[in-house]
Each structure stands twice: as C-alpha cells, then as structure tokens.
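Following: one structure in structure tokens, then a few remarks.
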2 protein chains.
Amino acid sequence: MSPAPFVSLGAMSKVTCQIAMSLDGFVAGPRQSPDDPLGIGGERLHEWMFAPEPHPADAAVTARLLDGNGAYVMGRNMFGPVRGAWEGDWRGWWGEDPPYHTPVFVLTHHAREPVEMAGGTTFHFVTEGVEVVLERARAAAGERNVCIGGGASTVNQVLAAGQLDELHLHIVPIMLGGGERLFAGVGDPALEVVEAVTSPAVTHVRYRVVR
Amino acid sequence: MSPAPFVSLGAMSKVTCQIAMSLDGFVAGPRQSPDDPLGIGGERLHEWMFAPEPHPADAAVTARLLDGNGAYVMGRNMFGPVRGAWEGDWRGWWGEDPPYHTPVFVLTHHAREPVEMAGGTTFHFVTEGVEVVLERARAAAGERNVCIGGGASTVNQVLAAGQLDELHLHIVPIMLGGGERLFAGVGDPALEVVEAVTSPAVTHVRYRVVR
C-alpha cells in the first residue's frame, strides 16, 4: 500500500500489436493504391469494427482496442497513400483529431518534421529503422504500452527483431488471395495463446511471446 | 414422431475437413522427404494431439476428431512418402489397423488396386480428380460425413470446387517459414465461424461454408 519509489513500473510496459488478418494470411488485399489503400477487398478485414449492430464479442474487443497504449508505431503505408502522394502536407487518414491521442511514430525512409494534430496525437517520422523507432516509442509511452498498428512489414520487422511482447490477432474468415502478407520472414518466435474469443465474423486471438 | 420414409436423411451428410495449420499458413514444413514427410518442423503442428497430459480443450477436440465420419479423402502425399517410394506395397503410415475404420479415398495420379487393412479401413486410389473422389466418398459415407484429411493441395481443391461444408482448423502458434500452404487458389468462399476454443498451444476454429 505504500509507494515503492525504487521499483520502476516502466518494466511493465509492453510492445503489443493489434492487427486484422484474412484466413489466407493477408493484412491488406492485392493492388494497393492511393484510391484503394487497403487493396482489393482489404476493407472487409475491418467490417466487424464498424458494423451498425456489432456482435457483443466484437464490440467488447473494439471498445478496448486503444486501451493502455502510450504510443503507436506504424509503417509509412499505413500513415498515407503509397509513395509519392504524402510527403507534402499529408496529415494521415484520420482527420484533424485522430483516435490515438498519443505520439505516433511512423517508420519511413522520408524525414519530415513532426505533425501535431488535435487531441494529443503527434506524428513523428523516424528514418533510422525499427530498433530506433521502438526506442523512441518506448520512451514516449513511459509505463504504458507501445502498440504496433501495422502494416505487415512493420509488424514483421518488430517480430523478427524479437521486440514484440503480445500480439492481438483478429482472424477474419475471408480470402484475399494476395496482398500484404503477415508473418513473412519473422523467424520462429515462441508464441502462446492467452485468450481466444469469437463472433461469426472474426476470431480474436491474443498471443504472448514467451522468452 | 412418425417415420418420414420419403425424406432422405442422406441430405444431412456433410463434407468436412480437419487440418492443423501454422500461424503463417502452412500444413507441412519446408523440404518434405520420405524421411521427413511433414517437412522441417511440421510434426510440431500435431504435438497437441499427442501430449502426455493434454490440455482439456485439446483433449476434447482430439476425442472427437473422427466422430461421425463415414469416409475420408486424402492426397497421395498424405498417404505415403513423396513420389516414387510407395507405388509398390506401401500401406500407409498408420500400421495394419489404421484409425479410420472406414473407406479412405486417396486422390492420386497412380492407379492401384484397393488395399484392405484390419479394422474396416480400405484405401481406394482415385485418379479421376476431386469431383470423382468426392462422389465416391459421399456414396461410401451414406448418411455420415466425408472428412478431408489433407494435405493442403487436396483441401484447397475441395474448397475451390465449392464442395466443402465445414472446416475445422487447428491454428498452431508456430511459424514454419515455408512448406505446403493452405488456402492458396481457393477463391473466396463465404465462411462463418461456428465455434472457437483454445488452449495455450492451439486454437480450434470451426467454420461453416455459407451457401
């Protein structure tokens, strides 16, 4: 009950990931373009989140998607349309008040000044690779978690680097037939299922990376 | 309450599939060979079935794996080692009394006389393709189900042909990094989750194909 000033609660901070995957392993469909950033059929991966009358299991997951996160990491394709379109004044897909309300670190090859949005979201652009982006995100998150939002390449890099603590995978029973493949080149991390809940439209599985 | 002799109960027979898949989408690992029929690491897909003290969720699934099946369909690689080794007197991996106790239809390019085993299992070799193998299996199963046992190519063909009614997928949180990929070229069947149960080692998801 008394404060324990010499024990760092920072050790409880985790690197987590929330991502929706088709049954055939894709987190975006084929032929992504500025007009179709999720590729053909890719928007079907997220329908469960936006259903007018969501299944209770999905509603419970959606309500907690952003809980406990003190920073986000995402790839540059998740931040904006494919190369070329956004280096100027692109400010993300999420309008002037993005849902993150924390620092968001965008892994990119293109340096850019931070972009401060309403509601506490600031986009930072990091060109030094996955280890540096995680270091900066951890520092920003403090005792809260760092959440990797996607896309596949970013998640795969974090997993391959042995930096992921928890993966919350939303397995959607559709086939995209092509696109951005999750779990390519990630090595063989030791994963353990912590929890699985399902609706007819999506199975939510939470994995812990065992060390 | 009275018998309904003109209603065929045969209509209740389903084509189902039981298969274990790695999180990166493989049902066998890379470099399959006669000495290593499941490929590198592939045996890890089935460890939950053979654990000395299985988790109750896994034990319940294992106990019901063969329930209600009146015939099985499998690919030739599941029946025996890769091409060349088995055309002679190979009698399958399962000893003289295989666990099936029903007709088993092997989809192959190599014609061969049926092989009758102990305990009611007979292996039939069908060279006319997926539609014919299903027709023969349905006829043999009668009112019971036809179960597709694998491998990936056979399951994918049945799914692509629109002939699967139910898929029981055992998602094992390992990465095989290569091998036989499930769900390649299957089109976009409409699937719905019926049930999901999990242990730390594997998530069992039952899907219904919606028509």
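Following the order of the structure tokens, first chain is A, next is B, and so on, with residues numbered from 1 inside each chain and ligands from 1 in the order they appear.
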Pull the closest atom pair for each residue of region 73-180 of chain B that gets at most 12 Å from region 16-40 of chain A, along with the distance in Å to one decimal, counting only C-alpha atoms, ordering rows by chain and then ascending residue number, as CSV.
residue,atom,partner,partner_atom,distance
B:Asn156,CA,A:Asp24,CA,11.3
B:Leu167,CA,A:Leu23,CA,11.9
B:Leu169,CA,A:Leu23,CA,10.3
B:Ile171,CA,A:Leu23,CA,10.4
DSSP-assigned alpha helix (DSSP H) among region 31-153 of chain B, expressed as a VMD selection string: chain B and resid 47 to 50 56 to 63 76 to 79 130 to 141 152 to 153
Can you show chain A as a PDB file with C-alpha atoms, in the first residue's frame once it has been least-squares superposed onto chain B, using every C-alpha atom paired in order?
ATOM      1  CA  MET A   1     -41.592 -40.054 -33.714  1.00  0.00           C
ATOM      2  CA  SER A   2     -42.768 -42.135 -36.672  1.00  0.00           C
ATOM      3  CA  PRO A   3     -40.415 -43.106 -39.466  1.00  0.00           C
ATOM      4  CA  ALA A   4     -40.381 -40.715 -42.439  1.00  0.00           C
ATOM      5  CA  PRO A   5     -39.350 -43.057 -45.230  1.00  0.00           C
ATOM      6  CA  PHE A   6     -39.608 -40.457 -48.008  1.00  0.00           C
ATOM      7  CA  VAL A   7     -37.271 -37.940 -46.436  1.00  0.00           C
ATOM      8  CA  SER A   8     -33.679 -38.727 -47.303  1.00  0.00           C
ATOM      9  CA  LEU A   9     -31.417 -38.295 -44.320  1.00  0.00           C
ATOM     10  CA  GLY A  10     -28.570 -38.384 -46.826  1.00  0.00           C
ATOM     11  CA  ALA A  11     -29.057 -34.657 -47.276  1.00  0.00           C
ATOM     12  CA  MET A  12     -27.548 -34.181 -43.830  1.00  0.00           C
ATOM     13  CA  SER A  13     -24.219 -35.612 -44.879  1.00  0.00           C
ATOM     14  CA  LYS A  14     -21.521 -32.953 -44.996  1.00  0.00           C
ATOM     15  CA  VAL A  15     -18.068 -32.600 -46.474  1.00  0.00           C
ATOM     16  CA  THR A  16     -15.843 -31.518 -43.629  1.00  0.00           C
ATOM     17  CA  CYS A  17     -12.144 -30.977 -43.157  1.00  0.00           C
ATOM     18  CA  GLN A  18      -9.868 -31.329 -40.138  1.00  0.00           C
ATOM     19  CA  ILE A  19      -6.469 -29.739 -40.543  1.00  0.00           C
ATOM     20  CA  ALA A  20      -3.720 -28.165 -38.433  1.00  0.00           C
ATOM     21  CA  MET A  21      -2.080 -25.001 -39.758  1.00  0.00           C
ATOM     22  CA  SER A  22       0.839 -22.894 -38.539  1.00  0.00           C
ATOM     23  CA  LEU A  23       0.212 -19.233 -37.871  1.00  0.00           C
ATOM     24  CA  ASP A  24       2.058 -18.442 -41.098  1.00  0.00           C
ATOM     25  CA  GLY A  25      -0.294 -20.656 -43.088  1.00  0.00           C
ATOM     26  CA  PHE A  26       1.451 -23.998 -43.625  1.00  0.00           C
ATOM     27  CA  VAL A  27       0.158 -27.522 -43.013  1.00  0.00           C
ATOM     28  CA  ALA A  28       3.593 -29.094 -43.565  1.00  0.00           C
ATOM     29  CA  GLY A  29       7.048 -27.596 -43.237  1.00  0.00           C
ATOM     30  CA  PRO A  30       9.714 -27.069 -45.888  1.00  0.00           C
ATOM     31  CA  ARG A  31      11.753 -29.860 -47.518  1.00  0.00           C
ATOM     32  CA  GLN A  32       9.346 -32.762 -47.188  1.00  0.00           C
ATOM     33  CA  SER A  33      11.022 -36.104 -47.906  1.00  0.00           C
ATOM     34  CA  PRO A  34      10.395 -39.825 -47.272  1.00  0.00           C
ATOM     35  CA  ASP A  35      12.387 -39.470 -44.049  1.00  0.00           C
ATOM     36  CA  ASP A  36      10.603 -36.265 -43.074  1.00  0.00           C
ATOM     37  CA  PRO A  37       7.084 -36.490 -44.515  1.00  0.00           C
ATOM     38  CA  LEU A  38       5.815 -33.416 -42.643  1.00  0.00           C
ATOM     39  CA  GLY A  39       8.837 -31.308 -43.583  1.00  0.00           C
ATOM     40  CA  ILE A  40      11.103 -29.446 -41.189  1.00  0.00           C
ATOM     41  CA  GLY A  41       9.188 -28.680 -38.006  1.00  0.00           C
ATOM     42  CA  GLY A  42       5.922 -30.026 -39.400  1.00  0.00           C
ATOM     43  CA  GLU A  43       5.444 -32.551 -36.594  1.00  0.00           C
ATOM     44  CA  ARG A  44       5.026 -29.590 -34.207  1.00  0.00           C
ATOM     45  CA  LEU A  45       1.614 -28.993 -35.828  1.00  0.00           C
ATOM     46  CA  HIS A  46       0.291 -32.147 -34.207  1.00  0.00           C
ATOM     47  CA  GLU A  47       2.001 -32.135 -30.796  1.00  0.00           C
ATOM     48  CA  TRP A  48      -1.213 -31.006 -29.072  1.00  0.00           C
ATOM     49  CA  MET A  49      -2.844 -34.300 -30.100  1.00  0.00           C
ATOM     50  CA  PHE A  50      -0.096 -36.437 -28.624  1.00  0.00           C
ATOM     51  CA  ALA A  51       0.760 -34.540 -25.456  1.00  0.00           C
ATOM     52  CA  PRO A  52       1.071 -36.923 -22.475  1.00  0.00           C
ATOM     53  CA  GLU A  53      -1.150 -34.608 -20.434  1.00  0.00           C
ATOM     54  CA  PRO A  54      -3.181 -32.685 -22.989  1.00  0.00           C
ATOM     55  CA  HIS A  55      -5.013 -29.486 -22.114  1.00  0.00           C
ATOM     56  CA  PRO A  56      -8.734 -30.297 -21.567  1.00  0.00           C
ATOM     57  CA  ALA A  57      -9.744 -28.147 -24.556  1.00  0.00           C
ATOM     58  CA  ASP A  58      -7.365 -30.066 -26.827  1.00  0.00           C
ATOM     59  CA  ALA A  59      -8.336 -33.439 -25.361  1.00  0.00           C
ATOM     60  CA  ALA A  60     -11.996 -32.719 -26.092  1.00  0.00           C
ATOM     61  CA  VAL A  61     -11.197 -31.860 -29.715  1.00  0.00           C
ATOM     62  CA  THR A  62      -8.931 -34.890 -30.144  1.00  0.00           C
ATOM     63  CA  ALA A  63     -11.608 -37.202 -28.760  1.00  0.00           C
ATOM     64  CA  ARG A  64     -14.069 -36.023 -31.409  1.00  0.00           C
ATOM     65  CA  LEU A  65     -11.713 -35.802 -34.407  1.00  0.00           C
ATOM     66  CA  LEU A  66     -13.117 -38.868 -36.153  1.00  0.00           C
ATOM     67  CA  ASP A  67     -16.739 -38.612 -34.979  1.00  0.00           C
ATOM     68  CA  GLY A  68     -19.492 -38.928 -37.530  1.00  0.00           C
ATOM     69  CA  ASN A  69     -17.285 -39.660 -40.506  1.00  0.00           C
ATOM     70  CA  GLY A  70     -18.295 -42.340 -42.985  1.00  0.00           C
ATOM     71  CA  ALA A  71     -15.416 -41.837 -45.410  1.00  0.00           C
ATOM     72  CA  TYR A  72     -12.158 -39.921 -45.734  1.00  0.00           C
ATOM     73  CA  VAL A  73     -10.406 -38.239 -48.625  1.00  0.00           C
ATOM     74  CA  MET A  74      -6.698 -37.570 -48.648  1.00  0.00           C
ATOM     75  CA  GLY A  75      -3.977 -36.603 -51.077  1.00  0.00           C
ATOM     76  CA  ARG A  76      -1.350 -39.069 -52.167  1.00  0.00           C
ATOM     77  CA  ASN A  77       1.370 -37.282 -50.184  1.00  0.00           C
ATOM     78  CA  MET A  78      -0.639 -37.797 -47.040  1.00  0.00           C
ATOM     79  CA  PHE A  79      -1.032 -41.489 -47.824  1.00  0.00           C
ATOM     80  CA  GLY A  80       2.621 -42.152 -48.390  1.00  0.00           C
ATOM     81  CA  PRO A  81       6.096 -40.725 -48.803  1.00  0.00           C
ATOM     82  CA  VAL A  82       6.709 -38.492 -51.759  1.00  0.00           C
ATOM     83  CA  ARG A  83       6.584 -39.885 -55.237  1.00  0.00           C
ATOM     84  CA  GLY A  84       8.299 -43.094 -56.119  1.00  0.00           C
ATOM     85  CA  ALA A  85       8.461 -44.827 -52.770  1.00  0.00           C
ATOM     86  CA  TRP A  86       4.992 -46.175 -52.284  1.00  0.00           C
ATOM     87  CA  GLU A  87       3.496 -47.402 -55.540  1.00  0.00           C
ATOM     88  CA  GLY A  88       4.578 -50.937 -54.710  1.00  0.00           C
ATOM     89  CA  ASP A  89       3.353 -52.358 -51.448  1.00  0.00           C
ATOM     90  CA  TRP A  90       3.141 -49.232 -49.297  1.00  0.00           C
ATOM     91  CA  ARG A  91       0.127 -49.522 -46.965  1.00  0.00           C
ATOM     92  CA  GLY A  92       0.013 -46.050 -45.385  1.00  0.00           C
ATOM     93  CA  TRP A  93       1.588 -44.570 -42.270  1.00  0.00           C
ATOM     94  CA  TRP A  94      -0.903 -46.005 -39.804  1.00  0.00           C
ATOM     95  CA  GLY A  95       0.060 -49.665 -39.384  1.00  0.00           C
ATOM     96  CA  GLU A  96      -2.209 -52.613 -40.133  1.00  0.00           C
ATOM     97  CA  ASP A  97      -5.235 -51.185 -38.253  1.00  0.00           C
ATOM     98  CA  PRO A  98      -5.514 -47.501 -39.264  1.00  0.00           C
ATOM     99  CA  PRO A  99      -7.673 -45.213 -37.113  1.00  0.00           C
ATOM    100  CA  TYR A 100     -10.230 -44.530 -39.874  1.00  0.00           C
ATOM    101  CA  HIS A 101     -12.346 -47.718 -39.820  1.00  0.00           C
ATOM    102  CA  THR A 102     -14.092 -46.557 -43.021  1.00  0.00           C
ATOM    103  CA  PRO A 103     -13.229 -46.341 -46.712  1.00  0.00           C
ATOM    104  CA  VAL A 104     -10.425 -43.849 -47.388  1.00  0.00           C
ATOM    105  CA  PHE A 105     -10.154 -42.365 -50.879  1.00  0.00           C
ATOM    106  CA  VAL A 106      -6.670 -41.351 -51.970  1.00  0.00           C
ATOM    107  CA  LEU A 107      -6.515 -38.719 -54.714  1.00  0.00           C
ATOM    108  CA  THR A 108      -3.593 -39.671 -56.918  1.00  0.00           C
ATOM    109  CA  HIS A 109      -2.339 -39.915 -60.492  1.00  0.00           C
ATOM    110  CA  HIS A 110      -1.316 -43.539 -59.941  1.00  0.00           C
ATOM    111  CA  ALA A 111      -4.000 -46.206 -60.357  1.00  0.00           C
ATOM    112  CA  ARG A 112      -3.794 -49.055 -57.898  1.00  0.00           C
ATOM    113  CA  GLU A 113      -6.026 -51.838 -56.585  1.00  0.00           C
ATOM    114  CA  PRO A 114      -7.773 -51.087 -53.274  1.00  0.00           C
ATOM    115  CA  VAL A 115      -5.863 -52.045 -50.148  1.00  0.00           C
ATOM    116  CA  GLU A 116      -7.938 -53.592 -47.398  1.00  0.00           C
ATOM    117  CA  MET A 117      -6.625 -53.120 -43.874  1.00  0.00           C
ATOM    118  CA  ALA A 118      -7.780 -54.472 -40.525  1.00  0.00           C
ATOM    119  CA  GLY A 119     -10.591 -52.770 -38.619  1.00  0.00           C
ATOM    120  CA  GLY A 120     -12.687 -51.641 -41.573  1.00  0.00           C
ATOM    121  CA  THR A 121     -10.276 -49.265 -43.308  1.00  0.00           C
ATOM    122  CA  THR A 122      -9.890 -49.769 -47.045  1.00  0.00           C
ATOM    123  CA  PHE A 123      -7.735 -47.465 -49.140  1.00  0.00           C
ATOM    124  CA  HIS A 124      -9.140 -46.711 -52.582  1.00  0.00           C
ATOM    125  CA  PHE A 125      -7.040 -44.936 -55.196  1.00  0.00           C
ATOM    126  CA  VAL A 126      -8.850 -42.451 -57.414  1.00  0.00           C
ATOM    127  CA  THR A 127      -7.198 -40.934 -60.456  1.00  0.00           C
ATOM    128  CA  GLU A 128     -10.161 -39.011 -61.929  1.00  0.00           C
ATOM    129  CA  GLY A 129      -9.785 -35.819 -59.906  1.00  0.00           C
ATOM    130  CA  VAL A 130     -11.451 -34.064 -57.036  1.00  0.00           C
ATOM    131  CA  GLU A 131     -15.096 -34.214 -58.197  1.00  0.00           C
ATOM    132  CA  VAL A 132     -14.980 -37.980 -58.711  1.00  0.00           C
ATOM    133  CA  VAL A 133     -13.173 -38.650 -55.465  1.00  0.00           C
ATOM    134  CA  LEU A 134     -15.862 -36.673 -53.589  1.00  0.00           C
ATOM    135  CA  GLU A 135     -18.649 -38.488 -55.419  1.00  0.00           C
ATOM    136  CA  ARG A 136     -17.223 -41.853 -54.450  1.00  0.00           C
ATOM    137  CA  ALA A 137     -16.591 -40.753 -50.870  1.00  0.00           C
ATOM    138  CA  ARG A 138     -20.134 -39.393 -50.519  1.00  0.00           C
ATOM    139  CA  ALA A 139     -21.572 -42.638 -51.823  1.00  0.00           C
ATOM    140  CA  ALA A 140     -19.487 -44.623 -49.350  1.00  0.00           C
ATOM    141  CA  ALA A 141     -20.302 -42.328 -46.410  1.00  0.00           C
ATOM    142  CA  GLY A 142     -24.070 -42.489 -46.892  1.00  0.00           C
ATOM    143  CA  GLU A 143     -25.671 -40.398 -44.169  1.00  0.00           C
ATOM    144  CA  ARG A 144     -22.393 -39.829 -42.385  1.00  0.00           C
ATOM    145  CA  ASN A 145     -19.837 -37.152 -43.242  1.00  0.00           C
ATOM    146  CA  VAL A 146     -16.961 -37.139 -45.679  1.00  0.00           C
ATOM    147  CA  CYS A 147     -13.844 -35.804 -43.976  1.00  0.00           C
ATOM    148  CA  ILE A 148     -10.969 -34.303 -45.949  1.00  0.00           C
ATOM    149  CA  GLY A 149      -7.785 -35.106 -44.063  1.00  0.00           C
ATOM    150  CA  GLY A 150      -5.236 -33.213 -46.179  1.00  0.00           C
ATOM    151  CA  GLY A 151      -2.808 -32.227 -47.407  1.00  0.00           C
ATOM    152  CA  ALA A 152      -3.016 -28.619 -48.471  1.00  0.00           C
ATOM    153  CA  SER A 153      -3.440 -29.323 -52.170  1.00  0.00           C
ATOM    154  CA  THR A 154      -6.409 -31.626 -51.625  1.00  0.00           C
ATOM    155  CA  VAL A 155      -8.136 -29.275 -49.187  1.00  0.00           C
ATOM    156  CA  ASN A 156      -7.520 -26.336 -51.514  1.00  0.00           C
ATOM    157  CA  GLN A 157      -9.008 -28.220 -54.474  1.00  0.00           C
ATOM    158  CA  VAL A 158     -12.138 -29.167 -52.532  1.00  0.00           C
ATOM    159  CA  LEU A 159     -12.580 -25.619 -51.291  1.00  0.00           C
ATOM    160  CA  ALA A 160     -11.995 -24.157 -54.760  1.00  0.00           C
ATOM    161  CA  ALA A 161     -14.575 -26.566 -56.188  1.00  0.00           C
ATOM    162  CA  GLY A 162     -17.179 -25.210 -53.747  1.00  0.00           C
ATOM    163  CA  GLN A 163     -17.602 -28.665 -52.198  1.00  0.00           C
ATOM    164  CA  LEU A 164     -16.624 -28.012 -48.592  1.00  0.00           C
ATOM    165  CA  ASP A 165     -19.373 -27.549 -45.986  1.00  0.00           C
ATOM    166  CA  GLU A 166     -17.343 -27.220 -42.823  1.00  0.00           C
ATOM    167  CA  LEU A 167     -13.726 -26.562 -41.934  1.00  0.00           C
ATOM    168  CA  HIS A 168     -12.254 -27.376 -38.548  1.00  0.00           C
ATOM    169  CA  LEU A 169      -8.969 -25.520 -38.447  1.00  0.00           C
ATOM    170  CA  HIS A 170      -6.432 -26.045 -35.687  1.00  0.00           C
ATOM    171  CA  ILE A 171      -4.287 -22.902 -35.660  1.00  0.00           C
ATOM    172  CA  VAL A 172      -0.945 -23.648 -34.029  1.00  0.00           C
ATOM    173  CA  PRO A 173       1.096 -20.594 -32.956  1.00  0.00           C
ATOM    174  CA  ILE A 174       4.322 -21.629 -34.639  1.00  0.00           C
ATOM    175  CA  MET A 175       6.010 -20.340 -37.776  1.00  0.00           C
ATOM    176  CA  LEU A 176       7.180 -22.937 -40.305  1.00  0.00           C
ATOM    177  CA  GLY A 177       8.601 -20.351 -42.704  1.00  0.00           C
ATOM    178  CA  GLY A 178       7.761 -22.425 -45.773  1.00  0.00           C
ATOM    179  CA  GLY A 179       6.191 -25.695 -46.889  1.00  0.00           C
ATOM    180  CA  GLU A 180       2.700 -26.641 -48.030  1.00  0.00           C
ATOM    181  CA  ARG A 181       0.496 -23.567 -47.969  1.00  0.00           C
ATOM    182  CA  LEU A 182      -3.190 -23.869 -47.118  1.00  0.00           C
ATOM    183  CA  PHE A 183      -5.739 -21.587 -48.822  1.00  0.00           C
ATOM    184  CA  ALA A 184      -3.715 -20.925 -51.989  1.00  0.00           C
ATOM    185  CA  GLY A 185      -5.931 -20.482 -55.035  1.00  0.00           C
ATOM    186  CA  VAL A 186      -9.190 -21.308 -53.270  1.00  0.00           C
ATOM    187  CA  GLY A 187     -11.140 -18.299 -54.508  1.00  0.00           C
ATOM    188  CA  ASP A 188     -13.247 -16.462 -51.963  1.00  0.00           C
ATOM    189  CA  PRO A 189     -15.642 -18.854 -50.214  1.00  0.00           C
ATOM    190  CA  ALA A 190     -18.069 -17.259 -47.736  1.00  0.00           C
ATOM    191  CA  LEU A 191     -17.040 -18.547 -44.332  1.00  0.00           C
ATOM    192  CA  GLU A 192     -18.605 -17.980 -40.951  1.00  0.00           C
ATOM    193  CA  VAL A 193     -17.152 -18.916 -37.580  1.00  0.00           C
ATOM    194  CA  VAL A 194     -19.303 -21.448 -35.738  1.00  0.00           C
ATOM    195  CA  GLU A 195     -17.106 -21.977 -32.689  1.00  0.00           C
ATOM    196  CA  ALA A 196     -13.626 -21.268 -31.371  1.00  0.00           C
ATOM    197  CA  VAL A 197     -11.970 -22.890 -28.385  1.00  0.00           C
ATOM    198  CA  THR A 198      -8.373 -22.573 -27.344  1.00  0.00           C
ATOM    199  CA  SER A 199      -5.570 -23.949 -25.244  1.00  0.00           C
ATOM    200  CA  PRO A 200      -2.203 -22.196 -24.890  1.00  0.00           C
ATOM    201  CA  ALA A 201      -0.880 -24.456 -27.677  1.00  0.00           C
ATOM    202  CA  VAL A 202      -3.596 -24.332 -30.348  1.00  0.00           C
ATOM    203  CA  THR A 203      -6.789 -22.505 -31.278  1.00  0.00           C
ATOM    204  CA  HIS A 204      -9.525 -24.695 -32.738  1.00  0.00           C
ATOM    205  CA  VAL A 205     -11.859 -22.767 -35.031  1.00  0.00           C
ATOM    206  CA  ARG A 206     -14.834 -24.332 -36.746  1.00  0.00           C
ATOM    207  CA  TYR A 207     -16.041 -22.564 -39.923  1.00  0.00           C
ATOM    208  CA  ARG A 208     -19.196 -23.115 -41.900  1.00  0.00           C
ATOM    209  CA  VAL A 209     -19.223 -22.443 -45.633  1.00  0.00           C
ATOM    210  CA  VAL A 210     -22.274 -20.240 -46.279  1.00  0.00           C
ATOM    211  CA  ARG A 211     -24.239 -20.913 -49.479  1.00  0.00           C
TER     212      ARG A 211
END
task: Mind the document's chain letters and residue numbers, and return as a PyMOL selection string the residues of region 55-209 of chain B that DSSP labels strand (DSSP E).
output: chain B and resi 69-75+103-107+115-116+122-126+145-150+166-172+180-181+191-198+203-209
